[in-house]
>>> print(open('target_8.txt').read())   # compact mmCIF, C-alpha atoms
# COMPACT_ATOMS: atom_id res chain seq x y z
CA SER A 170 51.65 110.37 151.48
CA VAL A 171 48.71 108.31 150.22
CA LEU A 172 47.68 111.12 147.87
CA LEU A 173 51.22 111.39 146.50
CA VAL A 174 51.33 107.65 145.81
CA LEU A 175 47.94 107.76 144.07
CA VAL A 176 48.92 110.75 141.94
CA PHE A 177 52.27 109.19 141.05
CA THR A 178 50.52 105.94 140.08
CA PHE A 179 47.55 107.19 138.08
CA MET A 180 48.38 110.71 136.85
CA PRO A 181 49.64 110.67 133.24
CA GLU A 182 52.64 112.62 132.00
CA SER A 183 52.08 116.11 130.62
CA PRO A 184 51.53 116.03 126.83
CA ARG A 185 53.87 119.02 126.51
CA TRP A 186 56.65 117.16 128.35
CA LEU A 187 56.14 114.08 126.19
CA VAL A 188 56.31 116.14 123.00
CA ALA A 189 59.47 117.86 124.24
CA LYS A 190 61.02 114.42 124.79
CA GLY A 191 60.06 113.25 121.30
CA ARG A 192 57.25 110.97 122.50
CA SER A 193 54.47 112.48 120.40
CA GLU A 194 52.44 109.27 120.04
CA GLU A 195 52.15 108.93 123.81
CA ALA A 196 51.13 112.59 123.99
CA LYS A 197 48.35 111.94 121.46
CA LEU A 198 46.97 109.09 123.57
CA ILE A 199 46.70 111.37 126.61
CA LEU A 200 45.24 114.24 124.58
CA ARG A 201 42.53 111.94 123.21
CA ARG A 202 41.47 111.27 126.80
CA CYS A 203 41.28 115.00 127.55
CA TYR A 204 39.75 116.37 124.35
CA PRO A 205 36.33 115.69 122.76
CA PRO A 206 36.15 112.62 120.46
CA ASN A 207 36.16 114.71 117.26
CA ALA A 208 39.13 116.90 118.27
CA ASP A 209 42.17 117.01 115.99
CA VAL A 210 44.90 115.96 118.41
CA ASP A 211 47.47 115.90 115.59
CA ALA A 212 46.98 119.67 115.19
CA VAL A 213 47.29 120.14 118.96
CA VAL A 214 50.56 118.20 119.03
CA ALA A 215 51.86 120.23 116.07
CA ALA A 216 50.97 123.47 117.90
CA ILE A 217 52.75 122.25 121.04
CA GLN A 218 55.85 121.36 119.00
CA ALA A 219 55.84 124.81 117.39
CA ALA A 220 55.41 126.50 120.78
CA ILE A 221 58.28 124.53 122.32
CA THR A 222 60.58 125.40 119.42
CA GLU A 223 59.63 129.07 119.54
CA GLU A 224 60.06 129.27 123.31
CA ARG A 225 63.52 127.71 123.12
CA ASN A 226 64.58 130.09 120.36
CA ALA A 227 63.17 133.08 122.23
CA SER A 228 64.89 132.08 125.47
CA ASN A 229 68.23 131.63 123.71
CA ALA A 230 67.86 135.00 121.99
CA TYR A 231 67.34 136.88 125.25
CA GLY A 232 70.21 136.51 127.72
CA TRP A 233 70.44 137.07 131.47
CA SER A 234 72.17 140.41 131.04
CA ALA A 235 69.07 141.86 129.38
CA LEU A 236 67.07 141.00 132.52
CA LEU A 237 69.60 141.84 135.21
CA TRP A 238 71.76 144.68 133.87
CA ARG A 239 69.95 146.48 131.04
CA PRO A 240 66.24 145.66 131.12
CA THR A 241 63.86 147.81 129.11
CA LYS A 242 61.08 149.70 130.88
CA THR A 243 58.63 147.05 129.71
CA THR A 244 60.78 144.26 131.11
CA LYS A 245 61.17 146.12 134.41
CA ARG A 246 57.39 146.42 134.70
CA MET A 247 56.97 142.71 134.06
CA LEU A 248 59.62 141.81 136.62
CA ILE A 249 58.13 144.11 139.25
CA VAL A 250 54.73 142.47 138.83
CA GLY A 251 55.84 138.84 138.36
CA VAL A 252 58.64 138.71 140.92
CA GLY A 253 56.76 141.02 143.28
CA VAL A 254 53.59 138.94 143.32
CA ALA A 255 55.66 135.77 143.88
CA MET A 256 57.46 137.33 146.85
CA SER A 257 54.22 138.74 148.26
CA GLN A 258 53.18 135.20 149.13
CA GLN A 259 55.86 135.04 151.80
CA THR A 260 54.97 138.36 153.42
CA THR A 261 51.74 136.71 154.57
CA ALA A 262 53.97 134.78 157.05
CA ILE A 263 52.75 131.43 155.74
CA GLU A 264 56.14 129.72 156.23
CA ALA A 265 56.46 130.96 159.81
CA ILE A 266 52.87 129.98 160.61
CA GLN A 267 53.34 126.47 159.20
CA TYR A 268 56.75 125.80 160.76
CA TYR A 269 56.02 127.27 164.20
CA ILE A 270 52.29 126.70 164.53
CA LEU A 271 52.78 124.64 167.70
CA TYR A 272 54.57 127.59 169.35
CA ILE A 273 51.79 129.91 168.20
CA LEU A 274 49.09 127.62 169.59
CA ALA A 275 50.95 127.28 172.89
CA ASP A 276 51.26 131.08 173.17
CA ALA A 277 47.49 131.31 172.59
CA GLY A 278 46.76 128.84 175.36
CA VAL A 279 46.51 125.53 173.47
CA GLU A 280 49.16 123.47 175.24
CA ALA A 281 47.86 119.88 175.12
CA ARG A 282 49.66 117.91 172.41
CA SER A 283 46.54 116.01 171.43
CA LYS A 284 44.64 119.26 170.82
CA GLN A 285 47.54 120.74 168.88
CA PHE A 286 47.78 117.78 166.51
CA GLY A 287 43.99 117.74 166.12
CA ILE A 288 44.12 121.39 165.06
CA LEU A 289 46.96 120.64 162.64
CA LEU A 290 44.87 117.89 161.02
CA LEU A 291 41.86 120.20 160.76
CA ILE A 292 43.92 122.98 159.19
CA GLY A 293 45.47 120.57 156.68
CA CYS A 294 42.04 119.34 155.58
CA ILE A 295 40.75 122.90 155.21
CA LYS A 296 43.76 123.81 153.07
CA VAL A 297 43.23 120.92 150.65
CA VAL A 298 39.50 121.58 150.23
CA VAL A 299 39.88 125.34 149.72
CA ILE A 300 42.66 124.92 147.13
CA VAL A 301 40.37 122.67 145.08
CA VAL A 302 37.61 125.30 145.28
CA ALA A 303 40.07 128.08 144.39
CA GLY A 304 41.10 126.20 141.26
CA ARG A 305 37.54 126.60 139.97
CA LEU A 306 37.14 130.20 141.12
CA PHE A 307 40.25 131.49 139.31
CA ASP A 308 38.52 130.86 135.98
CA HIS A 309 35.02 131.88 137.09
CA PRO A 310 33.50 134.35 134.59
CA ARG A 311 32.67 136.89 137.30
CA LEU A 312 35.94 136.54 139.19
CA GLY A 313 39.58 136.37 138.21
CA ARG A 314 43.10 136.32 139.53
CA LYS A 315 43.24 139.89 140.86
CA PRO A 316 40.03 139.88 142.96
CA LEU A 317 40.95 136.56 144.59
CA LEU A 318 44.51 137.67 145.35
CA THR A 319 43.18 140.90 146.86
CA LEU A 320 40.60 139.07 148.97
CA SER A 321 43.17 136.49 150.02
CA ASN A 322 45.74 139.00 151.26
CA ALA A 323 43.13 141.17 152.96
CA GLY A 324 41.73 138.08 154.68
CA CYS A 325 45.18 136.92 155.79
CA GLY A 326 45.90 140.35 157.25
CA GLY A 327 42.62 140.36 159.16
CA CYS A 328 43.19 136.84 160.45
CA LEU A 329 46.70 137.67 161.68
CA LEU A 330 45.20 140.64 163.52
CA LEU A 331 42.60 138.31 165.02
CA LEU A 332 45.35 135.87 166.00
CA ALA A 333 47.25 138.70 167.67
CA ILE A 334 44.16 139.50 169.74
CA ALA A 335 43.78 135.81 170.60
CA THR A 336 47.42 135.64 171.68
CA ALA A 337 47.15 138.79 173.78
CA THR A 338 44.05 137.47 175.56
CA SER A 339 45.17 133.79 175.63
CA SER A 340 41.90 132.82 173.94
CA ALA A 341 42.34 129.32 172.54
CA PRO A 342 38.98 129.20 170.65
CA LEU A 343 39.72 132.54 168.99
CA ALA A 344 43.22 131.38 168.03
CA ILE A 345 41.85 128.21 166.43
CA LEU A 346 39.24 130.21 164.53
CA ALA A 347 41.87 132.72 163.37
CA LEU A 348 44.23 129.97 162.12
CA ALA A 349 41.43 128.13 160.30
CA LEU A 350 40.31 131.33 158.59
CA TYR A 351 43.91 132.29 157.83
CA VAL A 352 44.56 129.02 156.00
CA THR A 353 41.23 129.40 154.18
CA PHE A 354 42.05 132.87 152.89
CA PHE A 355 45.64 131.95 152.03
CA SER A 356 44.59 128.88 150.03
CA LEU A 357 41.90 130.87 148.27
CA GLY A 358 44.36 133.09 146.44
CA ALA A 359 47.87 133.74 147.75
CA GLY A 360 48.72 130.04 147.83
CA PRO A 361 48.06 128.85 144.27
CA GLY A 362 47.30 132.18 142.61
CA ILE A 363 50.69 133.84 142.68
CA TRP A 364 52.26 131.19 140.43
CA LEU A 365 49.38 131.46 138.01
CA VAL A 366 49.72 135.23 137.72
CA ALA A 367 53.52 135.14 137.48
CA SER A 368 53.38 132.65 134.62
CA GLU A 369 50.92 134.85 132.73
CA VAL A 370 52.66 138.24 132.89
CA PHE A 371 56.04 137.32 131.39
CA SER A 372 56.39 137.38 127.63
CA LEU A 373 57.65 134.34 125.77
CA GLY A 374 61.22 135.58 125.32
CA ILE A 375 61.92 136.08 129.03
CA ARG A 376 59.44 133.65 130.53
CA GLY A 377 61.78 130.85 131.56
CA LYS A 378 64.44 133.09 133.09
CA ALA A 379 61.93 135.47 134.68
CA MET A 380 60.01 132.61 136.30
CA SER A 381 63.26 131.32 137.77
CA MET A 382 63.84 134.80 139.23
CA ALA A 383 60.32 134.81 140.69
CA THR A 384 60.82 131.36 142.21
CA THR A 385 64.21 132.32 143.63
CA GLY A 386 62.79 135.48 145.16
CA ASN A 387 59.90 133.56 146.69
CA ARG A 388 62.09 130.87 148.25
CA ALA A 389 64.76 133.35 149.39
CA LEU A 390 62.16 135.40 151.25
CA ALA A 391 60.61 132.22 152.65
CA THR A 392 64.02 131.25 154.04
CA LEU A 393 64.52 134.73 155.52
CA VAL A 394 61.10 134.76 157.20
CA SER A 395 61.53 131.25 158.61
CA ALA A 396 65.09 131.85 159.80
CA THR A 397 64.25 135.12 161.55
CA PHE A 398 60.89 134.08 163.04
CA LEU A 399 62.15 133.35 166.53
CA SER A 400 64.39 136.43 166.57
CA LEU A 401 61.52 138.67 165.45
CA LYS A 402 59.20 136.97 167.93
CA ASN A 403 61.62 137.67 170.77
CA ALA A 404 62.32 141.23 169.64
CA LEU A 405 58.74 142.29 168.89
CA GLY A 406 56.82 139.93 171.12
CA ASP A 407 54.17 137.47 169.96
CA VAL A 408 51.59 140.17 169.31
CA GLY A 409 54.06 142.53 167.65
CA PHE A 410 55.22 139.85 165.24
CA LEU A 411 51.67 139.07 164.14
CA LEU A 412 50.82 142.76 163.77
CA LEU A 413 53.90 143.29 161.60
CA PHE A 414 52.83 140.65 159.10
CA SER A 415 49.24 141.82 159.25
CA ALA A 416 50.51 145.21 158.08
CA LEU A 417 52.59 143.55 155.34
CA CYS A 418 49.44 141.81 154.08
CA CYS A 419 47.81 145.23 153.81
CA GLY A 420 50.84 146.31 151.77
CA ASN A 421 50.24 143.34 149.47
CA VAL A 422 46.66 144.48 148.92
CA ILE A 423 47.88 147.93 147.83
CA PHE A 424 50.54 146.37 145.56
CA ILE A 425 48.00 144.08 143.88
CA ARG A 426 45.38 146.81 143.60
CA TYR A 427 47.61 149.33 141.81
CA LEU A 428 50.35 147.33 140.05
CA VAL A 429 49.08 143.84 139.22
CA PRO A 430 46.89 143.57 136.10
CA GLU A 431 44.11 141.05 135.57
CA THR A 432 45.55 138.21 133.47
CA LYS A 433 42.52 135.94 133.13
CA GLY A 434 41.71 135.25 129.49
CA LYS A 435 44.71 137.25 128.22
CA SER A 436 47.30 135.83 125.84
CA LEU A 437 51.01 136.46 126.35
CA GLU A 438 50.92 138.86 123.39
CA GLU A 439 48.11 140.86 125.01
CA MET A 440 50.01 141.09 128.28
CA LEU A 441 53.12 142.23 126.41
CA ALA A 442 51.09 144.96 124.68
CA TYR A 443 49.67 146.01 128.07
CA PHE A 444 53.12 146.44 129.61
CA GLU A 445 54.41 148.21 126.50
CA ASP A 446 51.59 150.75 126.73
CA LEU A 447 52.21 151.14 130.45
CA ALA A 448 55.92 151.78 129.90
CA GLY A 449 55.30 154.02 126.92
CA GLU A 450 57.60 152.10 124.63
CA SER A 451 57.70 149.21 122.19
CA ALA A 452 60.10 146.61 123.51
CA ARG A 453 58.59 143.81 121.48
CA LYS A 454 61.49 143.54 119.08
CA GLU A 455 63.83 143.02 121.99
CA ILE A 456 61.88 140.49 124.02
CA GLU A 457 59.83 138.63 121.45
CA LEU A 458 60.78 136.82 118.29
CA PRO A 459 59.06 138.09 115.15
CA ALA A 460 57.31 134.73 114.70
CA SER A 461 55.36 135.20 117.91
CA ARG A 462 53.65 138.31 116.58
CA SER A 463 53.35 137.47 112.89
CA PRO A 464 49.91 137.08 111.26
CA GLU A 465 50.52 133.33 111.05
CA ALA A 466 51.06 133.03 114.81
CA THR A 467 48.26 131.26 116.62
CA PRO A 468 47.10 131.31 120.26
CA GLU A 469 48.56 127.83 120.63
CA ALA A 470 51.98 129.38 120.26
CA THR A 471 51.70 130.77 123.74
CA MET A 472 50.41 127.63 125.42
CA VAL A 473 51.73 127.04 128.92
>>> encode(input="target_8.txt", output="structure tokens")
Amino acid sequence: SVLLVLVFTFMPESPRWLVAKGRSEEAKLILRRCYPPNADVDAVVAAIQAAITEERNASNAYGWSALLWRPTKTTKRMLIVGVGVAMSQQTTAIEAIQYYILYILADAGVEARSKQFGILLLIGCIKVVVIVVAGRLFDHPRLGRKPLLTLSNAGCGGCLLLLAIATATSSAPLAILALALYVTFFSLGAGPGIWLVASEVFSLGIRGKAMSMATTGNRALATLVSATFLSLKNALGDVGFLLLFSALCCGNVIFIRYLVPETKGKSLEEMLAYFEDLAGESARKEIELPASRSPEATPEATMV
């Protein structure tokens, strides 16, 4: 709560949002604080305005029917990757772990309320710290989105297996270790990374609608996992439930390894060309406006 108040008080508005609302002068003030002293913020604001206009035109030119009823092969590939990677976050069982962690701790032998809340505090602190570290690692020259997502899902699967062993043996120390490591691995990639990747695979023309599909898929699966947790737990047993999601994490690793491309340092045009080559077609005329691929187009036109 304190962090939310501090962020709300001191964090400035996004320059892009300000430009979209016609408050360009306020956007320039914020950009001057972010850019070097000799940077041309007027040119940055102009590029943002052009990108906003182009994105609106592209979104209006490409309706829902082209995504849902008659998508091209290229669009299908994008949706499989973007929506799939967003939904993969929930097959790590993060919602069930967070909502029912007290039940999980009790099953593993941690029954004292004071110990349970102490573990919750520890796990929360670990999550915050690791997310901050992950934010730096996603843009590390030797790393990228795909390696971190792979490591994250593999780690989550291993930790759920470890938690299953802890539950079967009623080992409280092992359960605490497994949960701490689980949160560490999740926050290292699957937590923040899936939204980063999803936002970078969709081309400009379908980006807004496709991201809404990815978000809907993520939250729908989160609701399903949370709503069926107790039923699955009763049907499969505590150990069986954890083993199921450990296996699903392994499935995520295979999905990321073979279907998800590396998006670090790639423009939206480059990702579109990648999916076109993969699908063996040129869908650019259908899902991009000509302006976005003209010689005059600049990288700023695809700013997020």
>>> closest_residue(input="target_8.txt", among="A:Leu289, A:Ala216, A:Leu330, A:Leu248", to="A:Gln267", atoms="only C-alpha atoms")
A:Leu289
>>> atom_distance(input="target_8.txt", atom1="atom CA of A:Ser193", atom2="atom CA of A:Thr222")
14.3 Å
>>> closest_residue(input="target_8.txt", among="A:Gly278, A:Pro430, A:Pro316, A:Gly191", to="A:Tyr443", atoms="only C-alpha atoms")
A:Pro430
>>> closest_residue(input="target_8.txt", among="A:Glu194, A:Glu431, A:Glu439, A:Asp211", to="A:Val366", atoms="only C-alpha atoms")
A:Glu431
>>> closest_atom_pairs(input="target_8.txt", of="stretch 298-394 of chain A", to="stretch 284-288 of chain A", cutoff="10 Å", atoms="only C-alpha atoms", output="Markdown table")
| residue | atom | partner | partner_atom | distance |
| --- | --- | --- | --- | --- |
| A:Ile345 | CA | A:Ile288 | CA | 7.3 |
| A:Leu348 | CA | A:Ile288 | CA | 9.1 |
| A:Ala349 | CA | A:Ile288 | CA | 8.7 |
>>> closest_residue(input="target_8.txt", among="A:Cys325, A:Met247, A:Asn207, A:Lys315", to="A:Tyr427", atoms="only C-alpha atoms")
A:Lys315
>>> atom_distance(input="target_8.txt", atom1="atom CA of A:Ala383", atom2="atom CA of A:Ser321")
19.6 Å
>>> closest_residue(input="target_8.txt", among="A:Phe179, A:Tyr351, A:Trp233, A:Tyr272", to="A:Gly377", atoms="only C-alpha atoms")
A:Trp233
>>> atom_distance(input="target_8.txt", atom1="atom CA of A:Arg185", atom2="atom CA of A:Ala208")
17.0 Å
>>> closest_residue(input="target_8.txt", among="A:Phe371, A:Trp364, A:Tyr204, A:Trp238", to="A:Leu437", atoms="all atoms listed in the file")
A:Phe371
>>> residues_around(input="target_8.txt", residues="A:Ser356", least_positions_apart="4", cutoff="12 Å", atoms="only C-alpha atoms", output="PyMOL selection string")
chain A and resi 258+261+263+292-304+306-307+317-318+320-322+324-325+349-352+360-363
>>> build_atoms(input="target_8.txt", residues="stretch 244-255 of chain A", atoms="all heavy atoms", output="short mmCIF file (atom, residue, chain, number, x, y, z; two decimals), keeping the file's coordinate frame")
data_model
loop_
_atom_site.label_atom_id
_atom_site.label_comp_id
_atom_site.auth_asym_id
_atom_site.auth_seq_id
_atom_site.Cartn_x
_atom_site.Cartn_y
_atom_site.Cartn_z
N THR A 244 60.28 145.42 130.36
CA THR A 244 60.78 144.26 131.11
C THR A 244 60.78 144.54 132.61
O THR A 244 60.43 143.68 133.42
CB THR A 244 62.20 143.90 130.64
OG1 THR A 244 62.19 143.64 129.24
CG2 THR A 244 62.71 142.66 131.36
N LYS A 245 61.18 145.76 132.99
CA LYS A 245 61.17 146.12 134.41
C LYS A 245 59.77 146.01 134.99
O LYS A 245 59.57 145.50 136.10
CB LYS A 245 61.69 147.55 134.59
CG LYS A 245 63.18 147.71 134.39
CD LYS A 245 63.58 149.18 134.56
CE LYS A 245 65.06 149.38 134.30
NZ LYS A 245 65.43 150.81 134.41
N ARG A 246 58.78 146.49 134.24
CA ARG A 246 57.39 146.42 134.70
C ARG A 246 56.96 144.97 134.90
O ARG A 246 56.30 144.62 135.89
CB ARG A 246 56.47 147.10 133.68
CG ARG A 246 56.61 148.61 133.64
CD ARG A 246 55.76 149.26 134.71
NE ARG A 246 55.75 150.70 134.58
CZ ARG A 246 54.98 151.50 135.30
NH1 ARG A 246 54.17 150.98 136.20
NH2 ARG A 246 55.01 152.81 135.14
N MET A 247 57.31 144.13 133.95
CA MET A 247 56.97 142.71 134.06
C MET A 247 57.62 142.07 135.28
O MET A 247 56.98 141.31 136.02
CB MET A 247 57.41 141.96 132.80
CG MET A 247 56.59 142.25 131.56
SD MET A 247 57.19 141.26 130.18
CE MET A 247 56.02 141.75 128.91
N LEU A 248 58.90 142.40 135.49
CA LEU A 248 59.62 141.81 136.62
C LEU A 248 59.06 142.30 137.95
O LEU A 248 58.95 141.53 138.91
CB LEU A 248 61.11 142.14 136.52
CG LEU A 248 61.87 141.46 135.38
CD1 LEU A 248 63.30 141.99 135.30
CD2 LEU A 248 61.88 139.94 135.57
N ILE A 249 58.71 143.59 138.01
CA ILE A 249 58.13 144.11 139.25
C ILE A 249 56.85 143.37 139.60
O ILE A 249 56.63 142.98 140.75
CB ILE A 249 57.85 145.63 139.11
CG1 ILE A 249 59.17 146.40 139.12
CG2 ILE A 249 56.95 146.12 140.25
CD1 ILE A 249 59.02 147.88 138.79
N VAL A 250 56.00 143.15 138.59
CA VAL A 250 54.73 142.47 138.83
C VAL A 250 54.94 140.99 139.11
O VAL A 250 54.46 140.45 140.12
CB VAL A 250 53.77 142.65 137.63
CG1 VAL A 250 52.52 141.80 137.82
CG2 VAL A 250 53.39 144.11 137.48
N GLY A 251 55.68 140.29 138.23
CA GLY A 251 55.84 138.84 138.36
C GLY A 251 56.63 138.43 139.58
O GLY A 251 56.20 137.57 140.36
N VAL A 252 57.80 139.04 139.76
CA VAL A 252 58.64 138.71 140.92
C VAL A 252 57.99 139.24 142.20
O VAL A 252 58.00 138.59 143.24
CB VAL A 252 60.06 139.27 140.75
CG1 VAL A 252 60.91 138.98 141.98
CG2 VAL A 252 60.72 138.66 139.51
N GLY A 253 57.40 140.43 142.10
CA GLY A 253 56.76 141.02 143.28
C GLY A 253 55.60 140.19 143.79
O GLY A 253 55.46 139.97 144.99
N VAL A 254 54.75 139.72 142.88
CA VAL A 254 53.59 138.94 143.32
C VAL A 254 54.04 137.59 143.88
O VAL A 254 53.42 137.05 144.81
CB VAL A 254 52.58 138.77 142.16
CG1 VAL A 254 53.00 137.68 141.18
CG2 VAL A 254 51.19 138.46 142.69
N ALA A 255 55.14 137.04 143.34
CA ALA A 255 55.66 135.77 143.88
C ALA A 255 56.20 135.96 145.30
O ALA A 255 55.98 135.13 146.19
CB ALA A 255 56.75 135.22 142.96
#
